[in-house]
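Student: Quick one: the structure is below, and I'll ask about it shortly.
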Number of protein chains: 2
Amino acid sequence: MTASSNLTRELETLWLTDIPVTAAMGVRIASYDGATLCVRAPLEPNHNPHGTAFAGSLYSLCVLTGWGSVWLALRSRGIEALLVAADSTIRYRRAVGEELVCKCTVDASALEAALAEFATNGKARLMLACTIDAGDERAVTFAAQYAIHAQPTH
Amino acid sequence: MTASSNLTRELETLWLTDIPVTAAMGVRIASYDGATLCVRAPLEPNHNPHGTAFAGSLYSLCVLTGWGSVWLALRSRGIEALLVAADSTIRYRRAVGEELVCKCTVDASALEAALAEFATNGKARLMLACTIDAGDERAVTFAAQYAIHAQPTH
């Protein structure tokens, strides 16, 4: 078992325990290689009246995957911080009629800049992009800005 | 019982039956006056690890309220059409630590333009804005473009 698999297990447990909607959606972490996080959810609990994926479920999977990517990037460096989604944009290009699979890759240079800002100011912002494909085609593109804040001290 | 209350009941049943996530979120239609649709969901099934509303639940409530507003505007005019969210942007200004209440008002002139386009081309696009407040302050602003398509004939 690697440190990375311990962290992904901790992240999945955090979601399923502390965000009830993720349990209803059947969210599971599929893989994490240190840069790209892949998160999936079955279609059945996430369908819309047309039998394809509900726009809200596609968005939730993206905002979670982005949040998880930042969380993993920070925790793997020993940093515990408060992460909050600030602004985001989603574009639905085509319907998803299969398992929802979302991918997010943290840009290394953007992460380093955010980490430097966080070390100096105790807060930073980081832009992330996520995607969901249907078959071999891009179905959803998502971009969000996450705010990183130092945890309040107790 | 008015035609409007029959339609809002039909809309709520459609959501709870055909979009499982809305049932998990506890979504209910609070009111509809022919222009403004108000939709609510309790905090408990929609919280995040900080005890405030999950970003994905806030988004889902907005995209549903927008969709429902178009559906009601069309159905109250006897029009059945296929409605799909295309692009959307959401901005989280502050945390929501109470029941989630989303409001959407369809702009009358934008609706008339979309209805005219739909009558001519069998398809149209309509921009909508939704808001969620926390106490007396604006917590979430959401804007989305919905595509309206004629139903396939059988």
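Residue numbering restarts at 1 in every chain; chains get A, B, ... in the order shown in the structure tokens, and ligands count up from 1 in that same order.
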Write down as a VMD selection string the residues belonging to segment 37-68 of chain A that are assigned alpha helix (DSSP H) by DSSP computed on the backbone.
Tutor: chain A and resid 55 to 68
Student: Give me, as a compact mmCIF listing (two decimals) with C-alpha atoms, in the first residue's frame, all polymer residues having an atom no more than 7 Å from Arg125 of chain A, counting only C-alpha atoms and skipping those fewer than 5 positions away in the same chain.
Tutor:
```txt
# COMPACT_ATOMS: atom_id res chain seq x y z
CA ALA A 114 -0.38 28.54 -5.60
CA GLN A 145 -11.33 28.40 -9.27
CA TYR A 146 -10.68 26.95 -5.82
CA ALA A 147 -9.74 29.06 -2.82
CA ILE A 148 -7.13 27.59 -0.44
```
Student: What lies within 8 Å of segment 8-25 of chain A using only C-alpha atoms, ignoring chain neighbours under 6 positions off, as a CSV table (one decimal) with all heavy atoms, in the first residue's frame?
Tutor:
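Final output, saved to selection.csv:
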```csv
chain,number,residue,atom,x,y,z
A,32,TYR,N,-5.6,7.4,-9.2
A,32,TYR,CA,-4.8,8.6,-9.0
A,32,TYR,C,-3.3,8.3,-9.1
A,32,TYR,O,-2.8,7.4,-8.5
A,32,TYR,CB,-5.0,9.2,-7.5
A,32,TYR,CG,-4.3,10.4,-7.2
A,32,TYR,CD1,-4.4,11.6,-8.0
A,32,TYR,CD2,-3.4,10.5,-6.2
A,32,TYR,CE1,-3.7,12.7,-7.7
A,32,TYR,CE2,-2.6,11.6,-5.9
A,32,TYR,CZ,-2.8,12.7,-6.7
A,32,TYR,OH,-2.1,13.9,-6.4
A,41,ALA,N,-19.0,7.5,-11.2
A,41,ALA,CA,-20.3,7.3,-10.6
A,41,ALA,C,-21.1,6.5,-11.6
A,41,ALA,O,-21.1,6.8,-12.8
A,41,ALA,CB,-20.9,8.6,-10.2
A,42,PRO,N,-21.9,5.5,-11.2
A,42,PRO,CA,-22.8,4.8,-12.1
A,42,PRO,C,-23.9,5.7,-12.7
A,42,PRO,O,-24.3,6.7,-12.0
A,42,PRO,CB,-23.3,3.7,-11.2
A,42,PRO,CG,-23.2,4.2,-9.8
A,42,PRO,CD,-22.1,5.1,-9.8
A,45,PRO,N,-28.1,5.9,-10.5
A,45,PRO,CA,-28.7,6.9,-9.6
A,45,PRO,C,-28.5,8.3,-10.0
A,45,PRO,O,-28.9,9.3,-9.3
A,45,PRO,CB,-27.8,6.6,-8.3
A,45,PRO,CG,-26.5,6.1,-8.8
A,45,PRO,CD,-26.9,5.3,-10.1
A,46,ASN,N,-27.9,8.5,-11.2
A,46,ASN,CA,-27.6,9.9,-11.7
A,46,ASN,C,-28.3,10.2,-13.0
A,46,ASN,O,-27.9,11.2,-13.7
A,46,ASN,CB,-26.1,10.0,-11.9
A,46,ASN,CG,-25.3,9.9,-10.5
A,46,ASN,OD1,-25.5,10.8,-9.7
A,46,ASN,ND2,-24.5,8.9,-10.4
A,57,SER,N,-25.6,16.1,-11.6
A,57,SER,CA,-24.7,15.0,-11.2
A,57,SER,C,-23.4,15.2,-12.0
A,57,SER,O,-22.3,15.0,-11.4
A,57,SER,CB,-25.3,13.7,-11.6
A,57,SER,OG,-26.3,13.4,-10.7
A,68,GLY,N,-11.0,17.3,-5.0
A,68,GLY,CA,-10.1,16.2,-4.6
A,68,GLY,C,-8.7,16.3,-5.1
A,68,GLY,O,-7.7,15.9,-4.4
A,72,LEU,N,-5.6,16.3,-2.7
A,72,LEU,CA,-4.5,15.3,-2.8
A,72,LEU,C,-3.2,15.9,-3.0
A,72,LEU,O,-2.1,15.5,-2.4
A,72,LEU,CB,-4.8,14.3,-3.9
A,72,LEU,CG,-5.9,13.3,-3.6
A,72,LEU,CD1,-6.4,12.6,-4.9
A,72,LEU,CD2,-5.5,12.2,-2.6
B,21,VAL,N,-31.4,11.8,-8.0
B,21,VAL,CA,-30.6,12.7,-7.1
B,21,VAL,C,-31.5,13.7,-6.5
B,21,VAL,O,-31.3,14.1,-5.3
B,21,VAL,CB,-29.5,13.4,-7.9
B,21,VAL,CG1,-28.9,14.5,-7.1
B,21,VAL,CG2,-28.4,12.3,-8.3
B,24,ALA,N,-32.9,12.3,-3.4
B,24,ALA,CA,-31.9,12.2,-2.3
B,24,ALA,C,-31.7,13.6,-1.7
B,24,ALA,O,-31.4,13.7,-0.5
B,24,ALA,CB,-30.6,11.6,-2.9
B,25,MET,N,-31.8,14.6,-2.5
B,25,MET,CA,-31.6,16.0,-2.1
B,25,MET,C,-32.8,16.6,-1.3
B,25,MET,O,-32.7,17.6,-0.6
B,25,MET,CB,-31.3,16.9,-3.3
B,25,MET,CG,-30.0,16.7,-3.9
B,25,MET,SD,-29.8,17.8,-5.4
B,25,MET,CE,-30.0,19.5,-4.7
B,45,PRO,N,-29.4,16.7,4.0
B,45,PRO,CA,-28.9,15.8,3.0
B,45,PRO,C,-28.0,16.4,2.0
B,45,PRO,O,-27.4,15.7,1.1
B,45,PRO,CB,-30.2,15.2,2.3
B,45,PRO,CG,-31.2,16.3,2.5
B,45,PRO,CD,-30.9,17.0,3.7
B,46,ASN,N,-27.8,17.7,2.1
B,46,ASN,CA,-27.0,18.5,1.1
B,46,ASN,C,-25.8,19.2,1.7
B,46,ASN,O,-25.2,20.1,1.1
B,46,ASN,CB,-27.9,19.6,0.5
B,46,ASN,CG,-29.0,18.9,-0.3
B,46,ASN,OD1,-28.7,18.2,-1.3
B,46,ASN,ND2,-30.2,19.1,0.1
B,47,HIS,N,-25.3,18.7,2.9
B,47,HIS,CA,-24.2,19.4,3.5
B,47,HIS,C,-22.9,18.9,3.0
B,47,HIS,O,-22.8,17.9,2.4
B,47,HIS,CB,-24.3,19.3,5.1
B,47,HIS,CG,-24.0,18.0,5.6
B,47,HIS,ND1,-22.8,17.4,5.7
B,47,HIS,CD2,-24.9,17.1,6.2
B,47,HIS,CE1,-22.9,16.2,6.2
B,47,HIS,NE2,-24.2,15.9,6.5
B,48,ASN,N,-21.8,19.7,3.3
B,48,ASN,CA,-20.4,19.3,2.9
B,48,ASN,C,-19.7,19.1,4.3
B,48,ASN,O,-20.3,19.1,5.3
B,48,ASN,CB,-19.8,20.5,2.1
B,48,ASN,CG,-19.7,21.8,2.9
B,48,ASN,OD1,-19.8,21.8,4.1
B,48,ASN,ND2,-19.6,22.9,2.2
B,49,PRO,N,-18.4,18.8,4.2
B,49,PRO,CA,-17.6,18.5,5.4
B,49,PRO,C,-17.6,19.7,6.4
B,49,PRO,O,-17.3,19.5,7.6
B,49,PRO,CB,-16.2,18.2,4.9
B,49,PRO,CG,-16.4,17.7,3.5
B,49,PRO,CD,-17.5,18.5,3.0
B,54,PHE,N,-23.2,21.8,0.2
B,54,PHE,CA,-22.3,21.3,-0.8
B,54,PHE,C,-22.4,22.0,-2.1
B,54,PHE,O,-23.5,22.3,-2.6
B,54,PHE,CB,-22.6,19.8,-1.0
B,54,PHE,CG,-22.0,19.1,-2.2
B,54,PHE,CD1,-20.6,19.3,-2.4
B,54,PHE,CD2,-22.7,18.3,-3.0
B,54,PHE,CE1,-20.0,18.6,-3.5
B,54,PHE,CE2,-22.1,17.7,-4.1
B,54,PHE,CZ,-20.8,17.8,-4.4
B,57,SER,N,-24.7,20.5,-4.6
B,57,SER,CA,-26.1,20.6,-4.4
B,57,SER,C,-26.6,22.0,-4.7
B,57,SER,O,-27.7,22.1,-5.3
B,57,SER,CB,-26.4,20.3,-2.9
B,57,SER,OG,-26.2,18.9,-2.6
```
Student: Could you jot down the atom CA of Ala124 of chain A to atom CA of Ala85 of chain A separation for me, Å, one decimal place?
Tutor: 12.1 Å
Student: Residues within 10 Å of Gly135 of chain B, please, as a PyMOL selection string. Count only C-alpha atoms; anything in the same chain fewer than 6 positions from it doesn't count.
Tutor: chain B and resi 96-98
Student: Output C-alpha atoms of each residue in that selection to a file, as a PDB file, in the first residue's frame.
Tutor:
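Output file again20.pdb follows:
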```pdb
ATOM      1  CA  VAL B  96     -25.146  28.598   2.933  1.00  0.00           C
ATOM      2  CA  GLY B  97     -25.691  27.211   6.430  1.00  0.00           C
ATOM      3  CA  GLU B  98     -29.472  26.837   6.259  1.00  0.00           C
TER       4      GLU B  98
END
```
Student: Report as a list in words all protein, DNA and RNA residues lying within 10 Å of Ala86 of chain A, evaluated on only C-alpha atoms, omitting residues in the same chain fewer than 6 positions from it.
Tutor: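 Listing them by chain and then by number gives Arg125, Leu126, Met127, Ala144, Gln145, Tyr146 and Ala147 of chain A; Ala55, Ile90, Arg91, Tyr92, Arg93, Arg94 and Val140 of chain B.
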Student: Taking the backbone alone, and naming residues the way the document does, which bits of segment 7-146 of chain A are strand (DSSP E or B) by DSSP, as a ChimeraX atom specification?
Tutor: /A:28-32,36-41,47,53,81-92,100-105,123-134,137-146
Student: By how many Å are atom CA of Leu37 of chain A and atom CA of Cys102 of chain A apart?
Tutor: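 The value is 8.1 Å.
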Student: Go through A:Ala143, A:Ala30, A:Leu74, A:Ala119 one by one, measure the shortest atom-to-atom distance of each to chain B using only C-alpha atoms, and give the residue with the smallest value.
Tutor: A:Ala143
Student: For Leu128 of chain A, work out the shell of residues within 10 Å, counting only C-alpha atoms and skipping chain neighbours fewer than 2 positions away, then give it as a list of chain:residue names.
Tutor: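 The residues that qualify are A:Val63, A:Thr65, A:Gly66, A:Trp67, A:Ser69, A:Val70, A:Ser88, A:Cys104, A:Thr105, A:Val106, A:Asp107, A:Ala110, A:Leu111, A:Arg125, A:Leu126, A:Cys130, A:Phe142, A:Ala143, A:Ala144, A:Gln145, A:Tyr146.
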Student: Using only C-alpha atoms, find the one residue out of B:Ala139, B:Val27, B:Leu64, B:Leu115 that sits nearest to Ile79 of chain B.
Tutor: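 Between B:Ala139, B:Val27, B:Leu64, B:Leu115, the residue approaching Ile79 of chain B most closely is B:Leu115.
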Student: Between atom CA of Val84 of chain A and atom CA of Pro152 of chain A, what is the spacing in Å?
Tutor: 14.2 Å
